[in-house]
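Here's upload_7.cif, which has mmCIF, C-alpha atoms:
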data_query
loop_
_atom_site.label_atom_id
_atom_site.label_comp_id
_atom_site.auth_asym_id
_atom_site.auth_seq_id
_atom_site.Cartn_x
_atom_site.Cartn_y
_atom_site.Cartn_z
CA MET A 682 11.00 -31.47 -19.63
CA SER A 683 11.01 -31.06 -15.88
CA ILE A 684 11.35 -27.76 -14.04
CA THR A 685 13.15 -27.58 -10.73
CA LEU A 686 12.26 -25.00 -8.09
CA GLN A 687 13.57 -24.31 -4.60
CA SER A 688 11.81 -23.28 -1.43
CA ILE A 689 12.82 -19.69 -0.57
CA GLY A 690 11.13 -19.48 2.82
CA THR A 691 8.38 -20.83 5.05
CA ILE A 692 4.75 -19.85 5.67
CA HIS A 693 3.69 -19.93 9.33
CA THR A 694 0.01 -20.36 10.20
CA PRO A 695 -2.09 -21.82 13.02
CA TYR A 696 -3.28 -24.55 10.65
CA LEU A 697 -2.41 -28.18 10.53
CA SER A 698 -2.78 -29.92 7.21
CA PHE A 699 -6.27 -31.15 8.14
CA ASN A 700 -7.88 -27.91 9.30
CA THR A 701 -6.67 -25.45 6.70
CA PRO A 702 -9.48 -23.33 5.25
CA HIS A 703 -10.32 -23.36 1.56
CA GLN A 704 -9.49 -19.70 0.98
CA PRO A 705 -7.63 -16.83 2.63
CA LEU A 706 -9.73 -15.42 5.49
CA PRO A 707 -8.50 -11.88 6.21
CA ASP A 708 -9.92 -11.86 9.74
CA ALA A 709 -8.88 -15.39 10.66
CA PRO A 710 -7.68 -15.59 14.27
CA GLY A 711 -4.08 -16.48 14.97
CA ASP A 712 -0.71 -15.35 13.69
CA PHE A 713 0.27 -15.61 10.05
CA TRP A 714 3.72 -14.74 8.84
CA ILE A 715 6.27 -15.62 6.21
CA THR A 716 9.93 -16.17 6.97
CA LEU A 717 11.92 -15.44 3.84
CA ASN A 718 15.31 -17.10 3.68
CA PRO A 719 17.67 -14.40 5.02
CA GLU A 720 19.75 -14.21 1.84
CA TYR A 721 16.71 -12.72 0.05
CA ALA A 722 15.84 -10.08 2.68
CA SER A 723 17.14 -7.15 0.62
CA ALA A 724 14.79 -8.14 -2.21
CA LEU A 725 11.87 -6.95 -0.03
CA LYS A 726 12.83 -3.30 -0.54
CA SER A 727 9.75 -1.14 -1.32
CA LEU A 728 7.39 -4.08 -0.96
CA ASP A 729 6.00 -2.37 2.16
CA ASN A 730 4.37 0.19 -0.15
CA PHE A 731 1.88 -2.50 -1.14
CA ASN A 732 -1.01 -3.46 1.13
CA TYR A 733 -1.72 -6.76 -0.66
CA ILE A 734 0.63 -9.36 -2.08
CA TYR A 735 0.43 -12.61 -4.00
CA VAL A 736 1.98 -15.53 -2.17
CA LEU A 737 2.98 -18.54 -4.28
CA TYR A 738 3.75 -21.73 -2.43
CA HIS A 739 4.34 -25.42 -2.83
CA LEU A 740 1.30 -27.56 -1.98
CA ASP A 741 3.67 -30.15 -0.63
CA GLN A 742 1.10 -32.19 1.31
CA VAL A 743 -0.87 -33.04 -1.81
CA THR A 744 -0.62 -36.65 -2.85
CA PRO A 745 -1.59 -38.23 -6.16
CA PRO A 746 -3.76 -38.98 -7.97
CA VAL A 747 -4.76 -35.72 -9.62
CA GLU A 748 -8.40 -36.03 -10.62
CA LEU A 749 -9.38 -34.09 -13.71
CA LEU A 750 -12.96 -33.63 -12.56
CA THR A 751 -13.63 -32.36 -9.09
CA HIS A 752 -16.17 -30.66 -6.84
CA SER A 753 -15.85 -27.34 -5.10
CA PRO A 754 -16.52 -27.36 -1.36
CA TRP A 755 -18.92 -24.48 -2.10
CA ALA A 756 -20.99 -26.34 -4.69
CA PRO A 757 -20.49 -30.05 -4.04
CA GLU A 758 -23.38 -30.98 -6.33
CA LEU A 759 -21.63 -29.48 -9.36
CA GLU A 760 -18.95 -31.43 -11.22
CA ILE A 761 -16.30 -29.06 -12.56
CA GLY A 762 -12.94 -29.43 -14.22
CA LEU A 763 -9.83 -29.18 -12.11
CA PHE A 764 -8.79 -25.97 -13.90
CA ALA A 765 -12.17 -24.39 -13.10
CA SER A 766 -11.40 -24.98 -9.41
CA ARG A 767 -8.84 -23.92 -6.85
CA SER A 768 -8.45 -27.49 -5.65
CA PRO A 769 -4.94 -28.13 -4.33
CA GLN A 770 -4.85 -31.43 -6.26
CA ARG A 771 -3.26 -30.04 -9.44
CA PRO A 772 -0.75 -31.39 -11.97
CA ASN A 773 1.70 -28.76 -10.69
CA PRO A 774 1.01 -28.21 -6.98
CA ILE A 775 1.46 -24.44 -6.89
CA GLY A 776 -0.75 -22.57 -4.43
CA LEU A 777 -1.67 -18.93 -5.06
CA SER A 778 -3.21 -16.70 -2.39
CA ILE A 779 -3.77 -12.97 -2.04
CA VAL A 780 -3.14 -11.70 1.48
CA GLN A 781 -2.80 -8.38 3.25
CA LEU A 782 0.76 -7.34 3.95
CA LYS A 783 0.67 -5.85 7.44
CA GLU A 784 4.32 -5.31 8.26
CA ILE A 785 7.82 -6.31 7.23
CA GLN A 786 10.39 -6.94 9.95
CA GLY A 787 13.74 -7.87 8.45
CA ASN A 788 13.12 -11.10 6.56
CA GLU A 789 9.69 -11.69 8.12
CA LEU A 790 6.39 -10.58 6.60
CA ILE A 791 3.36 -10.28 8.87
CA ILE A 792 0.28 -11.12 6.79
CA SER A 793 -3.45 -11.69 7.11
CA GLY A 794 -4.95 -15.16 7.11
CA ILE A 795 -3.73 -17.50 4.39
CA ASP A 796 -5.14 -20.87 3.38
CA ALA A 797 -1.91 -22.80 3.81
CA TYR A 798 -0.92 -25.16 6.56
CA ASN A 799 1.92 -24.34 8.95
CA GLY A 800 5.32 -24.98 7.40
CA THR A 801 4.29 -24.60 3.75
CA PRO A 802 7.33 -23.93 1.53
CA LEU A 803 7.36 -20.47 -0.08
CA LEU A 804 8.01 -20.20 -3.83
CA ASP A 805 7.52 -16.52 -4.63
CA ILE A 806 6.08 -13.20 -3.50
CA LYS A 807 4.70 -10.78 -6.08
CA PRO A 808 3.09 -7.39 -5.47
CA TYR A 809 -0.68 -7.22 -5.99
CA ILE A 810 -1.05 -4.08 -8.08
CA GLN A 811 -4.55 -2.57 -8.03
CA PHE A 812 -4.55 -1.18 -11.56
CA ARG A 813 -3.27 -4.43 -13.00
CA ASP A 814 -4.71 -7.21 -10.84
CA SER A 815 -8.11 -5.93 -9.69
CA ILE A 816 -10.32 -6.63 -12.70
CA ASP A 817 -13.63 -4.80 -12.53
CA ASP A 818 -15.39 -6.73 -15.27
CA ALA A 819 -14.31 -10.18 -14.14
CA ASN A 820 -17.16 -12.52 -13.29
CA ASN A 821 -17.52 -15.32 -10.77
CA GLY A 822 -17.70 -18.13 -13.31
CA TRP A 823 -19.88 -21.04 -12.26
CA PHE A 824 -20.62 -19.31 -8.94
CA ASP A 825 -22.75 -16.88 -10.97
CA ILE A 826 -25.06 -19.64 -12.18
CA LEU A 827 -25.69 -21.21 -8.78
CA PRO A 828 -29.30 -20.80 -7.58
CA ASP A 829 -28.04 -19.68 -4.15
CA LYS A 830 -25.16 -17.63 -5.51
CA GLU A 831 -25.11 -14.85 -2.91
CA HIS A 832 -25.26 -17.25 -0.02
CA THR A 833 -22.58 -19.50 -1.48
CA ILE A 834 -20.27 -16.54 -2.02
CA ALA A 835 -20.84 -15.39 1.57
CA HIS A 836 -19.70 -18.84 2.68
CA ALA A 837 -16.73 -18.83 0.34
CA LEU A 838 -15.66 -15.46 1.72
CA GLY A 839 -16.09 -16.70 5.28
CA LEU A 840 -18.56 -13.86 5.93
CA LYS A 841 -20.98 -13.92 8.80
CA HIS A 842 -24.47 -13.93 7.36
CA GLU A 843 -28.01 -14.85 8.27
CA HIS A 844 -29.94 -18.08 7.87
CA ALA A 845 -33.67 -18.51 8.48
CA HIS A 846 -34.59 -21.63 10.45
CA GLU A 847 -37.27 -24.07 9.38
CA HIS A 848 -39.39 -24.01 12.50
CA SER A 849 -42.43 -22.21 13.79
CA HIS A 850 -40.64 -19.32 15.50
CA GLU A 851 -38.47 -18.32 12.62
CA HIS A 852 -35.57 -16.13 13.57
CA HIS A 853 -32.30 -14.99 12.08
CA HIS A 854 -28.86 -15.24 13.52
CA PRO A 855 -25.42 -14.59 12.16
CA HIS A 856 -23.06 -17.52 12.11
CA GLU A 857 -19.71 -18.63 10.87
CA HIS A 858 -18.95 -22.02 9.41
CA ASP A 859 -15.97 -24.10 10.22
CA ASP A 860 -15.19 -24.95 6.63
CA VAL A 861 -11.84 -26.65 6.39
CA HIS A 862 -10.25 -29.03 3.98
CA LYS A 863 -7.59 -31.66 3.78
CA GLN A 864 -4.72 -31.64 1.37
CA THR A 865 -4.10 -35.31 2.04
CA HIS A 866 -6.47 -38.12 1.29
CA HIS A 867 -7.65 -40.80 3.63
CA SER A 868 -5.46 -43.84 3.52
CA ASP A 869 -8.51 -46.11 3.44
CA PRO A 870 -8.46 -47.50 -0.11
CA ASN A 871 -12.22 -48.09 0.00
CA HIS A 872 -12.98 -44.47 0.75
CA ASN A 873 -14.56 -42.73 -2.21
CA GLN A 874 -11.91 -40.13 -2.91
CA HIS A 875 -13.89 -38.51 -5.67
CA SER A 876 -16.91 -37.64 -3.58
CA HIS A 877 -15.03 -36.08 -0.67
CA HIS A 878 -12.27 -34.44 -2.65
CA ASP A 879 -11.65 -30.83 -1.58
CA ARG A 880 -14.73 -30.63 0.59
CA PRO A 881 -15.19 -29.33 4.08
CA SER A 882 -13.99 -31.81 6.64
CA TYR A 883 -17.47 -32.28 8.09
CA GLU A 884 -18.23 -34.15 4.90
CA ASP A 885 -15.32 -36.45 5.65
CA GLY A 886 -17.16 -38.11 8.49
CA GLN A 887 -16.73 -35.58 11.25
CA ASP A 888 -19.90 -34.93 13.19
CA LYS A 889 -20.58 -31.35 12.17
CA PRO A 890 -24.06 -30.07 11.37
CA ASP A 891 -24.87 -29.57 7.71
CA HIS A 892 -26.86 -26.35 7.58
CA ARG A 893 -27.90 -27.06 4.02
CA ARG A 894 -30.21 -29.82 5.15
CA HIS A 895 -31.62 -28.10 8.20
CA HIS A 896 -32.07 -24.49 7.17
CA VAL A 897 -34.06 -22.55 4.66
CA HIS A 898 -31.85 -19.96 3.06
CA ASN A 899 -33.17 -16.47 3.09
CA ASP A 900 -30.82 -15.01 0.51
CA MET B 581 14.64 -29.48 -0.91
CA SER B 582 13.93 -29.14 -4.61
CA ILE B 583 10.48 -29.18 -6.19
CA THR B 584 9.95 -30.70 -9.61
CA LEU B 585 7.23 -29.48 -11.96
CA GLN B 586 6.21 -30.47 -15.47
CA SER B 587 5.03 -28.41 -18.40
CA ILE B 588 1.35 -29.19 -19.04
CA GLY B 589 0.97 -27.22 -22.27
CA THR B 590 2.29 -24.36 -24.38
CA ILE B 591 1.46 -20.66 -24.65
CA HIS B 592 1.32 -19.33 -28.22
CA THR B 593 1.87 -15.61 -28.84
CA PRO B 594 3.22 -13.36 -31.61
CA TYR B 595 6.19 -12.50 -29.37
CA LEU B 596 9.77 -13.55 -29.61
CA SER B 597 11.77 -13.52 -26.42
CA PHE B 598 13.10 -10.03 -27.19
CA ASN B 599 9.86 -8.19 -27.95
CA THR B 600 7.55 -9.49 -25.26
CA PRO B 601 5.70 -6.71 -23.44
CA HIS B 602 6.06 -6.17 -19.71
CA GLN B 603 2.42 -6.86 -18.91
CA PRO B 604 -0.66 -8.44 -20.45
CA LEU B 605 -2.19 -6.07 -23.02
CA PRO B 606 -5.83 -7.06 -23.54
CA ASP B 607 -6.04 -5.36 -26.94
CA ALA B 608 -2.65 -6.49 -28.22
CA PRO B 609 -2.79 -7.41 -31.91
CA GLY B 610 -2.14 -10.98 -32.95
CA ASP B 611 -3.35 -14.38 -31.85
CA PHE B 612 -2.85 -15.65 -28.33
CA TRP B 613 -3.81 -19.14 -27.31
CA ILE B 614 -2.88 -21.93 -24.96
CA THR B 615 -2.58 -25.54 -26.04
CA LEU B 616 -3.18 -27.73 -23.03
CA ASN B 617 -1.69 -31.20 -23.26
CA PRO B 618 -4.61 -33.32 -24.56
CA GLU B 619 -4.67 -35.64 -21.55
CA TYR B 620 -5.85 -32.69 -19.42
CA ALA B 621 -8.63 -31.48 -21.75
CA SER B 622 -11.46 -32.81 -19.58
CA ALA B 623 -10.14 -30.73 -16.66
CA LEU B 624 -11.33 -27.60 -18.51
CA LYS B 625 -14.99 -28.43 -17.79
CA SER B 626 -16.91 -25.33 -16.59
CA LEU B 627 -13.88 -23.08 -17.01
CA ASP B 628 -15.75 -21.37 -19.86
CA ASN B 629 -18.04 -19.81 -17.24
CA PHE B 630 -15.15 -17.54 -16.28
CA ASN B 631 -14.21 -14.52 -18.39
CA TYR B 632 -10.76 -14.12 -16.82
CA ILE B 633 -8.18 -16.69 -15.79
CA TYR B 634 -4.79 -16.80 -14.13
CA VAL B 635 -2.10 -18.33 -16.30
CA LEU B 636 1.00 -19.64 -14.52
CA TYR B 637 4.00 -20.40 -16.67
CA HIS B 638 7.67 -21.19 -16.62
CA LEU B 639 9.90 -18.20 -17.40
CA ASP B 640 12.26 -20.58 -19.13
CA GLN B 641 14.27 -17.95 -21.02
CA VAL B 642 15.46 -16.29 -17.85
CA THR B 643 19.13 -16.80 -17.13
CA PRO B 644 21.01 -16.17 -13.89
CA PRO B 645 21.99 -14.18 -12.00
CA VAL B 646 18.93 -13.17 -10.02
CA GLU B 647 19.51 -9.63 -8.78
CA LEU B 648 17.87 -8.82 -5.47
CA LEU B 649 17.51 -5.14 -6.31
CA THR B 650 16.01 -4.14 -9.61
CA HIS B 651 14.28 -1.35 -11.53
CA SER B 652 10.82 -1.38 -13.00
CA PRO B 653 10.58 -0.42 -16.68
CA TRP B 654 7.91 2.06 -15.52
CA ALA B 655 10.07 3.83 -12.94
CA PRO B 656 13.69 3.20 -13.93
CA GLU B 657 14.95 5.85 -11.51
CA LEU B 658 13.59 3.94 -8.51
CA GLU B 659 15.53 1.03 -7.01
CA ILE B 660 13.13 -1.60 -5.69
CA GLY B 661 13.45 -5.08 -4.32
CA LEU B 662 12.87 -8.02 -6.63
CA PHE B 663 9.76 -9.04 -4.67
CA ALA B 664 8.29 -5.53 -5.08
CA SER B 665 8.56 -6.03 -8.86
CA ARG B 666 7.18 -8.32 -11.52
CA SER B 667 10.62 -8.79 -13.02
CA PRO B 668 10.97 -12.21 -14.65
CA GLN B 669 14.39 -12.61 -12.99
CA ARG B 670 13.17 -14.38 -9.84
CA PRO B 671 14.59 -17.14 -7.63
CA ASN B 672 11.74 -19.35 -8.87
CA PRO B 673 10.95 -18.34 -12.46
CA ILE B 674 7.15 -18.61 -12.28
CA GLY B 675 5.23 -16.12 -14.41
CA LEU B 676 1.69 -15.09 -13.43
CA SER B 677 -0.65 -13.24 -15.78
CA ILE B 678 -4.35 -12.48 -15.79
CA VAL B 679 -5.92 -12.77 -19.24
CA GLN B 680 -9.38 -12.80 -20.74
CA LEU B 681 -10.66 -16.24 -21.63
CA LYS B 682 -12.40 -15.81 -24.97
CA GLU B 683 -13.19 -19.34 -26.02
CA ILE B 684 -12.30 -22.96 -25.35
CA GLN B 685 -12.02 -25.33 -28.31
CA GLY B 686 -11.16 -28.83 -27.14
CA ASN B 687 -7.76 -28.52 -25.48
CA GLU B 688 -7.12 -25.00 -26.81
CA LEU B 689 -7.93 -21.78 -24.95
CA ILE B 690 -8.25 -18.57 -26.95
CA ILE B 691 -7.08 -15.72 -24.72
CA SER B 692 -6.35 -12.00 -24.80
CA GLY B 693 -2.80 -10.67 -24.98
CA ILE B 694 -0.33 -12.22 -22.55
CA ASP B 695 3.18 -11.06 -21.70
CA ALA B 696 4.89 -14.33 -22.54
CA TYR B 697 6.99 -15.22 -25.54
CA ASN B 698 5.83 -17.80 -28.05
CA GLY B 699 6.40 -21.34 -26.82
CA THR B 700 6.35 -20.58 -23.09
CA PRO B 701 5.70 -23.76 -21.06
CA LEU B 702 2.38 -23.76 -19.19
CA LEU B 703 2.35 -24.70 -15.49
CA ASP B 704 -1.22 -24.09 -14.36
CA ILE B 705 -4.54 -22.41 -15.10
CA LYS B 706 -6.68 -21.13 -12.23
CA PRO B 707 -10.02 -19.32 -12.45
CA TYR B 708 -9.94 -15.60 -11.64
CA ILE B 709 -12.89 -15.26 -9.28
CA GLN B 710 -14.22 -11.69 -8.95
CA PHE B 711 -15.34 -11.91 -5.33
CA ARG B 712 -12.07 -13.45 -4.26
CA ASP B 713 -9.38 -11.98 -6.51
CA SER B 714 -10.56 -8.44 -7.30
CA ILE B 715 -9.51 -6.52 -4.20
CA ASP B 716 -11.17 -3.12 -3.97
CA ASP B 717 -8.95 -1.67 -1.26
CA ALA B 718 -5.65 -2.83 -2.74
CA ASN B 719 -3.23 -0.03 -3.55
CA ASN B 720 -0.62 0.40 -6.26
CA GLY B 721 2.39 0.24 -3.94
CA TRP B 722 5.31 2.36 -5.07
CA PHE B 723 3.38 3.45 -8.17
CA ASP B 724 1.23 5.52 -5.80
CA ILE B 725 4.19 7.59 -4.64
CA LEU B 726 5.53 8.42 -8.11
CA PRO B 727 5.22 12.12 -9.00
CA ASP B 728 3.77 11.19 -12.41
CA LYS B 729 1.68 8.32 -11.11
CA GLU B 730 -1.29 8.61 -13.47
CA HIS B 731 0.88 8.88 -16.53
CA THR B 732 3.10 5.98 -15.46
CA ILE B 733 0.07 3.78 -14.85
CA ALA B 734 -1.32 4.69 -18.28
CA HIS B 735 1.96 3.48 -19.76
CA ALA B 736 1.97 0.33 -17.64
CA LEU B 737 -1.55 -0.47 -18.82
CA GLY B 738 -0.56 0.17 -22.43
CA LEU B 739 -3.32 2.80 -22.66
CA LYS B 740 -3.35 5.42 -25.35
CA HIS B 741 -3.02 8.78 -23.67
CA GLU B 742 -2.02 12.32 -24.44
CA HIS B 743 1.34 14.06 -24.24
CA ALA B 744 1.92 17.79 -24.72
CA HIS B 745 4.89 18.68 -26.94
CA GLU B 746 7.57 21.15 -25.96
CA HIS B 747 7.39 23.43 -28.98
CA SER B 748 5.67 26.61 -29.98
CA HIS B 749 2.54 25.07 -31.49
CA GLU B 750 1.70 22.82 -28.62
CA HIS B 751 -0.74 20.09 -29.47
CA HIS B 752 -1.94 16.82 -28.04
CA HIS B 753 -2.02 13.48 -29.69
CA PRO B 754 -2.75 10.00 -28.48
CA HIS B 755 0.05 7.51 -28.83
CA GLU B 756 1.07 4.04 -27.91
CA HIS B 757 4.51 3.01 -26.81
CA ASP B 758 6.35 0.00 -27.98
CA ASP B 759 7.44 -1.07 -24.53
CA VAL B 760 9.01 -4.48 -24.68
CA HIS B 761 11.51 -6.35 -22.60
CA LYS B 762 14.00 -9.13 -22.84
CA GLN B 763 14.02 -12.19 -20.68
CA THR B 764 17.55 -12.96 -21.77
CA HIS B 765 20.55 -10.81 -21.14
CA HIS B 766 23.03 -9.56 -23.67
CA SER B 767 25.94 -11.89 -24.05
CA ASP B 768 28.36 -8.96 -23.97
CA PRO B 769 30.06 -9.37 -20.59
CA ASN B 770 30.84 -5.65 -20.45
CA HIS B 771 27.20 -4.68 -20.77
CA ASN B 772 25.84 -3.26 -17.56
CA GLN B 773 23.18 -5.83 -16.81
CA HIS B 774 21.85 -3.98 -13.82
CA SER B 775 21.02 -0.79 -15.65
CA HIS B 776 19.09 -2.39 -18.49
CA HIS B 777 17.46 -5.15 -16.52
CA ASP B 778 13.75 -5.47 -17.27
CA ARG B 779 13.54 -2.19 -19.13
CA PRO B 780 11.96 -1.34 -22.44
CA SER B 781 14.14 -2.38 -25.32
CA TYR B 782 14.63 1.21 -26.50
CA GLU B 783 16.81 1.58 -23.45
CA ASP B 784 18.87 -1.35 -24.64
CA GLY B 785 20.38 0.67 -27.46
CA GLN B 786 17.63 0.47 -30.04
CA ASP B 787 16.94 3.77 -31.73
CA LYS B 788 13.51 4.50 -30.33
CA PRO B 789 12.43 7.96 -29.21
CA ASP B 790 12.37 8.57 -25.48
CA HIS B 791 9.27 10.66 -24.90
CA ARG B 792 10.40 11.45 -21.38
CA ARG B 793 13.16 13.69 -22.67
CA HIS B 794 11.25 15.36 -25.47
CA HIS B 795 7.78 15.89 -24.09
CA VAL B 796 6.16 17.80 -21.30
CA HIS B 797 3.63 15.62 -19.60
CA ASN B 798 0.21 17.11 -19.24
CA ASP B 799 -1.09 14.76 -16.60
#

What would you get if you wrote out this structure as structure tokens?
Amino acid sequence: MSITLQSIGTIHTPYLSFNTPHQPLPDAPGDFWITLNPEYASALKSLDNFNYIYVLYHLDQVTPPVELLTHSPWAPELEIGLFASRSPQRPNPIGLSIVQLKEIQGNELIISGIDAYNGTPLLDIKPYIQFRDSIDDANNGWFDILPDKEHTIAHALGLKHEHAHEHSHEHHHPHEHDDVHKQTHHSDPNHNQHSHHDRPSYEDGQDKPDHRRHHVHND
Amino acid sequence: MSITLQSIGTIHTPYLSFNTPHQPLPDAPGDFWITLNPEYASALKSLDNFNYIYVLYHLDQVTPPVELLTHSPWAPELEIGLFASRSPQRPNPIGLSIVQLKEIQGNELIISGIDAYNGTPLLDIKPYIQFRDSIDDANNGWFDILPDKEHTIAHALGLKHEHAHEHSHEHHHPHEHDDVHKQTHHSDPNHNQHSHHDRPSYEDGQDKPDHRRHHVHND
């Protein structure tokens, strides 16, 4: 049985399909907004009472195959099942992000950073309701069993944090990583799709430093 | 542009389409489980590290029309936009619930209570990740401006709570409400669909007591 959906709007971001981050970054630079198809504008009534919303969207740049085992960009050494990941390569390519709702102007919603490329088709908007959706006793799943859990989570949240260098005059400095991903695969049939799947683009051959090899983590 | 999805499994609950609750009730009696199509079983690897998951499903019992303005079962006096509600009557009928993941047995996931009727088609499973999905500074939207906010939220969470009676020997007693909804509309064309939309079934003519008329709230 197949299920047919329709795009009800468009998500606007500064991202192209190849430099979209792995997760919503609330403080990401640039403008992020949703244009809802005008015929639905009245259905936004009272949504401005909420400061966070769920945005559901069509991951329309994802191409087959769906791989049942994958690797998170945050723990590339760990093989996990697709459903234990937020990889965009899913049997049903529905993206789900929580973003801040900053303002509603007619049929446009000004939002905080969202991990979707510019032009992504909108499927639904649902209110994020604190008492229902913010689960105090939820855990972090396999993140909780990583040896460098705190550091990995800081990366996954896009937080500035400190690394200690491996040289004689050790010092600390805050940094941000340019962790981005691709929804589309390389067209090179010899490229190992499994190993680069859903990883930061610097692992796709771009010449970015890999701090994991050069730094000693101090957290 | 239309988007085609496929069911990847089935959600099993004790609910028929007419007695499904409005929200996931973690302590709901009965058995709740998801049967994932067997070809996807390996994609569950490492999901058992998470204690909560998002379940996305097809609200396949919803029938048109979609009404852009609606009423929450928890605040029937307040007219809100469809996108400020969790009404199942949406342009794209995608349901989203957070449930506890209790156990995985092969391609079956044992879960806590979910607000979906028995046989609901599964679209996706995503891990609920505490550091990413539990938003401390999220608000409750229009719930926060209700005069009886705390009491309404207790109802919406299905919590036992106390009501004071309006008679001479006032006493308190904990109770639970049998708040259920219908995804399908009455076939009676004269029935006012707007007024009963997404409300508890006792407002659909069933002979259930309405505590709001008979009790004085003590919270």

Give me, as a tab-separated table, the closest atom pair and its distance (Å, one decimal) for every residue of chain B within a cut-off of 7 Å of chain A, counting only C-alpha atoms, rows sorted by chain and rising number.
residue	atom	partner	partner_atom	distance
B:Met581	CA	A:Gln687	CA	6.4
B:Ser582	CA	A:Gln687	CA	4.8
B:Ile583	CA	A:Leu686	CA	4.9
B:Thr584	CA	A:Thr685	CA	4.6
B:Leu585	CA	A:Ile684	CA	4.9
B:Gln586	CA	A:Ser683	CA	4.9
B:Ser587	CA	A:Met682	CA	6.8
B:Tyr620	CA	A:Leu749	CA	6.9
B:Ser622	CA	A:Leu749	CA	6.4
B:Ala623	CA	A:Gly762	CA	3.9
B:Leu624	CA	A:Gly762	CA	4.9
B:Lys625	CA	A:Gly762	CA	4.2
B:Ser626	CA	A:Ile761	CA	5.5
B:Leu627	CA	A:Ala765	CA	4.5
B:Asn629	CA	A:Gly822	CA	4.3
B:Phe630	CA	A:Gly822	CA	4.0
B:Asn631	CA	A:Ala819	CA	6.1
B:Tyr632	CA	A:Ala819	CA	5.9
B:Leu648	CA	A:Ala724	CA	4.5
B:Leu649	CA	A:Ala724	CA	5.8
B:Ile660	CA	A:Lys726	CA	5.4
B:Gly661	CA	A:Ala724	CA	4.0
B:Leu662	CA	A:Ala724	CA	4.8
B:Phe663	CA	A:Leu725	CA	5.5
B:Ala664	CA	A:Leu728	CA	4.5
B:Ser665	CA	A:Pro808	CA	6.6
B:Arg666	CA	A:Lys807	CA	6.5
B:Asn672	CA	A:Leu686	CA	5.7
B:Leu703	CA	A:Asn773	CA	6.3
B:Asp704	CA	A:Asn773	CA	6.6
B:Ile705	CA	A:Phe764	CA	5.7
B:Lys706	CA	A:Phe764	CA	5.5
B:Pro707	CA	A:Ala765	CA	5.5
B:Ile709	CA	A:Asn821	CA	4.9
B:Gln710	CA	A:Asn821	CA	5.2
B:Phe711	CA	A:Asn821	CA	6.8
B:Asp713	CA	A:Ser815	CA	7.0
B:Ser714	CA	A:Ser815	CA	4.2
B:Ile715	CA	A:Ser815	CA	5.7
B:Ala718	CA	A:Gln811	CA	5.4
B:Asn719	CA	A:Gln811	CA	5.3
B:Asn720	CA	A:Ile810	CA	4.9
B:Gly721	CA	A:Phe731	CA	4.0
B:Trp722	CA	A:Asn730	CA	5.5

- Task: Quick one: pull the distance between atom CA of A:Pro702 and atom CA of A:Gly839, Å, one decimal.
- Result: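 Value for the atom CA of A:Pro702-atom CA of A:Gly839 distance: 9.4 Å.
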
- Task: Kindly resolve the PyMOL selection byres ((chain A and resi 742) around 12) on the present coordinates and return the residues as JSON, numbers by chain.
- Result: {"A": [697, 698, 699, 701, 738, 739, 740, 741, 743, 744, 745, 769, 770, 771, 774, 775, 776, 797, 798, 799, 800, 801, 802, 863, 864, 865, 866]}

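For the pair atom CA of A:Val736 and atom CA of A:Lys783, the separation is 13.7 Å.
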
- Shortest interatomic distance to A:Asp708 - which of A:Ser793, A:Asn788, A:Thr691, A:Ser753, counting all atoms listed in the file: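 Among the listed residues, A:Ser793 lies closest to A:Asp708.
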
- Any chance you could resolve the PyMOL selection byres ((chain A and resi 713) around 7) against this file and give the residues as a ChimeraX atom specification? /A:693-694,711-712,714,791-794

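Reported to one decimal place, the separation of atom CA of A:Gly787 from atom CA of B:Val646 is 19.9 Å.
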
- Item | Protein/DNA/RNA residues near (9.3, -15.0, 4.1), cut 7 Å, all atoms listed in the file, as a list in words |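 The requested residues, written out, are Gly690, Thr691, Ile692, Ile715, Thr716, Leu717, Asn718, Asn788, Glu789 and Leu790 of chain A.
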
Please, can stretch 721-728 of chain A be completed to N, CA and C atoms and returned as a PDB file, in the coordinates of the input?
ATOM      1  N   TYR A 721      17.577 -13.484   0.962  1.00  0.00           N
ATOM      2  CA  TYR A 721      16.710 -12.720   0.050  1.00  0.00           C
ATOM      3  C   TYR A 721      16.130 -11.465   0.700  1.00  0.00           C
ATOM      4  N   ALA A 722      16.498 -11.173   1.947  1.00  0.00           N
ATOM      5  CA  ALA A 722      15.840 -10.080   2.680  1.00  0.00           C
ATOM      6  C   ALA A 722      15.907  -8.755   1.931  1.00  0.00           C
ATOM      7  N   SER A 723      17.026  -8.458   1.288  1.00  0.00           N
ATOM      8  CA  SER A 723      17.140  -7.150   0.620  1.00  0.00           C
ATOM      9  C   SER A 723      16.192  -7.038  -0.556  1.00  0.00           C
ATOM     10  N   ALA A 724      15.714  -8.152  -1.077  1.00  0.00           N
ATOM     11  CA  ALA A 724      14.790  -8.140  -2.210  1.00  0.00           C
ATOM     12  C   ALA A 724      13.376  -7.717  -1.802  1.00  0.00           C
ATOM     13  N   LEU A 725      13.175  -7.434  -0.500  1.00  0.00           N
ATOM     14  CA  LEU A 725      11.870  -6.950  -0.030  1.00  0.00           C
ATOM     15  C   LEU A 725      11.758  -5.435  -0.102  1.00  0.00           C
ATOM     16  N   LYS A 726      12.843  -4.766  -0.505  1.00  0.00           N
ATOM     17  CA  LYS A 726      12.830  -3.300  -0.540  1.00  0.00           C
ATOM     18  C   LYS A 726      11.625  -2.764  -1.320  1.00  0.00           C
ATOM     19  N   SER A 727      10.914  -1.820  -0.728  1.00  0.00           N
ATOM     20  CA  SER A 727       9.750  -1.140  -1.320  1.00  0.00           C
ATOM     21  C   SER A 727       8.495  -2.001  -1.369  1.00  0.00           C
ATOM     22  N   LEU A 728       8.604  -3.264  -0.970  1.00  0.00           N
ATOM     23  CA  LEU A 728       7.390  -4.080  -0.960  1.00  0.00           C
ATOM     24  C   LEU A 728       6.390  -3.541   0.066  1.00  0.00           C
TER      25      LEU A 728
END
